[in-house]
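Please read the structure below before turning to the comments.
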Amino acid sequence: NLLEQTHQEGFRVFYEKKEKDKYTWFNIHMPIQEKNQQLNYQRNKLDTCAYLRNLIFQPDMTFIRRTNNYTRDYEAYYSTEVITPDMVRMINIRDDSNPLAVQLGNPNLKNSIKQNFKFYFSDRNPEKQRFLNIELRASVVQQQIANGFTYNPETGAYTFRPDNVNGNWNTSTTVGYGSAIDKEKHWIWETVTGWNYDRNVDLTAVSGSNQSSLSKVDNNHLDESLKLNYQLDALKLGVIGKLQWNNATSQRENFQTINASDFNYGATAEYKFFKEIDFASDIKMYSRRGYGDPSMNTNNLVWNASVSHSFLNGKMITRLEGFDLLHQLSSVQYYLNGQGLTETWHNTIPSYVMLHLIYRLNFNPKKK
């Protein structure tokens with residue numbers, strides 16, 4: 001039984017100024033939360049009560065400046081998040097219901113503190129359909145909770161115990177740019193480039209050791225996407241491509257450096273027949289290269305298509321949709337996490353054909 005009581009006080013200061021072609025907003029919020037938790041815990045012969053009192057300070061700040069007739073933005077954000085540990089994990093118990101995976105509590109767990117920073121700049125030119133976006137992000141996590149363990153080679157049993165680790169942080173940068181190519185604005189192109197660095201610290205197994213060790217992994221992710229679109233009356237055509245490069249390195253013993261890439265490319269098309277019939281289709285090749293496991297280096301050609309028809313003055317729409325018509329997608333997907341590799345199984349039907357029937361029902365308020 002958990003009883004939790006929270007009380008929050010604090011103050012906020014903000015400044016706002018609206019002008020004909022400018023806007024300024026500045027906000028500082030300084031909340032202090034008192035969080036009291038009482039846990040009555042009963043398990044077999046154990047009957048105990050734990051009490052925890054936290055004073056949590058989570059300030060946040062926002063600055064927004066819009067100029068040039070509201071087409072140019074400058075923004076800055078800062079926030080703090082404090083995450084208190086689960087009190088059940090702080091009870092000093094030994095759970096050996098599974099003798100091969102014994103769970104211990106840790107009454108010395110501390111709060112996790114995450115600080116977030118964000119800077120954003122945007123400049124738009126609607127007449128030329130041109131835009132420029134720049135975004136910088138960073139976050140630092142102190143005392144993040146990880147699950148450490150020891151291993152007994154004689155019995156084959158693991159003993160797990162949560163603990164706090166330090167050193168987790170990440171930063172990212174994203175730059176986007178797009179513009180019309182011709183005067184009639186039939187051709188439009190855009191690019192988005194992103195880089196992300198993640199310093200991941202966790203407790204993990206090391207070959208030849210009977211206990212977990214601190215593992216520090218440096219992850220670099222580089223993304224690049226390109227689009228070229230053409231539009232003339234009811235016809236829309238597009239060519240798209242995206243590349244993601246993943247690099248993971250560590251000084252941990254027996255760590256295998258990862259240099260892998262995921263990329264896809266393809267085309268899209270849309271056309272409207274007679275104002276009531278819409279046809280849309282896209283085809284992409286999804287590829288992966290550079291992974292140590294050969295089963296991850298794959299090529300999947302995915303083709304989707306749909307036809308829709310509207311009638312009753314647009315109130316009713318029928319759409320026939322076909323997804324993964326070439327039967328190329330798999331239910332097993334692979335992801336690169338902060339410490340290496342994870343495999344996820346999705347019990348789904350990747351390829352399907354579906355008929356949609358949509359009716360739009362609008363109620364307008366009566367005029368007074």
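Lettering and numbering for the structure tokens are positional, with chains as A, B, ... in the shown order, residues counted from 1 in each chain, and ligands counted from 1 in the shown order.
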* To do: Looking only at strand (DSSP E or B) from DSSP on the backbone, list the matching residues of stretch 200-251 of chain A as a ChimeraX atom specification.
  => /A:200-204,211,213-232,235-250
* Contact residues around A:Leu235 with only C-alpha atoms at 9 Å, ignoring same-chain residues under 4 positions, as a ChimeraX atom specification -> /A:230-231,269-272
* If we count only C-alpha atoms, what is near A:Pro107 at a cut-off of 12 Å, once residues fewer than 5 positions away on the same chain are taken out, given as a PyMOL selection string? -> chain A and resi 50-52+85-93+161-164
Residues from the last selection, C-alpha atoms, saved as a PDB file, in the first residue's frame:
```
ATOM      1  CA  ALA A  50       9.140   2.855   4.631  1.00  0.00           C
ATOM      2  CA  TYR A  51       8.842   6.626   4.588  1.00  0.00           C
ATOM      3  CA  LEU A  52      10.466   8.983   2.100  1.00  0.00           C
ATOM      4  CA  PRO A  85      12.853   5.865  -7.625  1.00  0.00           C
ATOM      5  CA  ASP A  86      10.154   3.253  -7.156  1.00  0.00           C
ATOM      6  CA  MET A  87       9.897   2.737  -3.387  1.00  0.00           C
ATOM      7  CA  VAL A  88       9.437  -1.016  -3.805  1.00  0.00           C
ATOM      8  CA  ARG A  89      12.953  -1.174  -5.274  1.00  0.00           C
ATOM      9  CA  MET A  90      14.223   0.599  -2.148  1.00  0.00           C
ATOM     10  CA  ILE A  91      12.938  -2.065   0.281  1.00  0.00           C
ATOM     11  CA  ASN A  92      15.829  -4.139   1.608  1.00  0.00           C
ATOM     12  CA  ILE A  93      14.485  -7.528   0.529  1.00  0.00           C
ATOM     13  CA  ARG A 161      20.420  -5.039  -7.561  1.00  0.00           C
ATOM     14  CA  PRO A 162      19.493  -1.514  -8.777  1.00  0.00           C
ATOM     15  CA  ASP A 163      22.044   1.271  -8.399  1.00  0.00           C
ATOM     16  CA  ASN A 164      22.704   4.845  -9.524  1.00  0.00           C
TER      17      ASN A 164
END
```
* To do: Skip A:Glu184 itself and residues of its chain fewer than 5 positions away, then list as number ranges by chain all residues within 12 Å of it, counting only C-alpha atoms.
  => A: 127-129, 230-233
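The shell of residues at most 6 Å from A:Asp324, with only C-alpha atoms counted and near chain neighbours (fewer than 5 positions) removed, consists of Val302, Trp303, Asn304 and Ser351 of chain A.
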Can you spit out the residues from that selection as a JSON list (two decimals), in the first residue's frame, using N, CA and C atoms?
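Result went into again-v3.json, see below:
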```json
[["chain", "number", "residue", "atom", "x", "y", "z"],
["A", 302, "VAL", "N", 9.34, -1.96, -50.66],
["A", 302, "VAL", "CA", 7.98, -1.82, -50.13],
["A", 302, "VAL", "C", 7.18, -0.93, -51.08],
["A", 303, "TRP", "N", 6.04, -1.48, -51.52],
["A", 303, "TRP", "CA", 5.15, -0.75, -52.43],
["A", 303, "TRP", "C", 3.77, -0.64, -51.80],
["A", 304, "ASN", "N", 3.26, 0.58, -51.71],
["A", 304, "ASN", "CA", 1.93, 0.85, -51.17],
["A", 304, "ASN", "C", 1.12, 1.61, -52.22],
["A", 351, "SER", "N", 1.70, -7.21, -44.52],
["A", 351, "SER", "CA", 1.09, -6.98, -45.82],
["A", 351, "SER", "C", -0.42, -7.17, -45.71]]
```
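All residues of protein, DNA or RNA that reach within 9 Å of A:Lys275, judged by only C-alpha atoms and not counting those fewer than 3 positions away in the chain, are Ala234, Lys272, Asp278 and Ser310 of chain A.
Minimum atom-to-atom distance to A:Leu325, evaluated using only C-alpha atoms, belongs to A:Lys284 out of A:Arg94, A:His186, A:Arg124, A:Lys284.
Between A:Leu132 and the residues A:Leu214, A:Val192, A:Ile83, A:Leu228, the shortest atom-to-atom distance, using only C-alpha atoms, involves A:Val192.
Counting only C-alpha atoms, the residue from A:Gly194, A:Gly156, A:Gly266, A:Gly176 that sits nearest to A:Asn300 is A:Gly266.
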* Structure fact -> Residue with the minimum atom-to-atom distance to A:Gln251, picked from A:Val353, A:Ile134, A:Val217, A:Val165 with only C-alpha atoms counted, is A:Val217
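The residue that comes closest to A:Ala157, out of A:Gln211, A:Glu135, A:Leu301, A:Arg43 and on the basis of only C-alpha atoms, is A:Gln211.
Among the candidates A:Asn111, A:Asn210, A:Asn364, A:Gln8, the one nearest to A:Val82 when counting only C-alpha atoms is A:Asn111.
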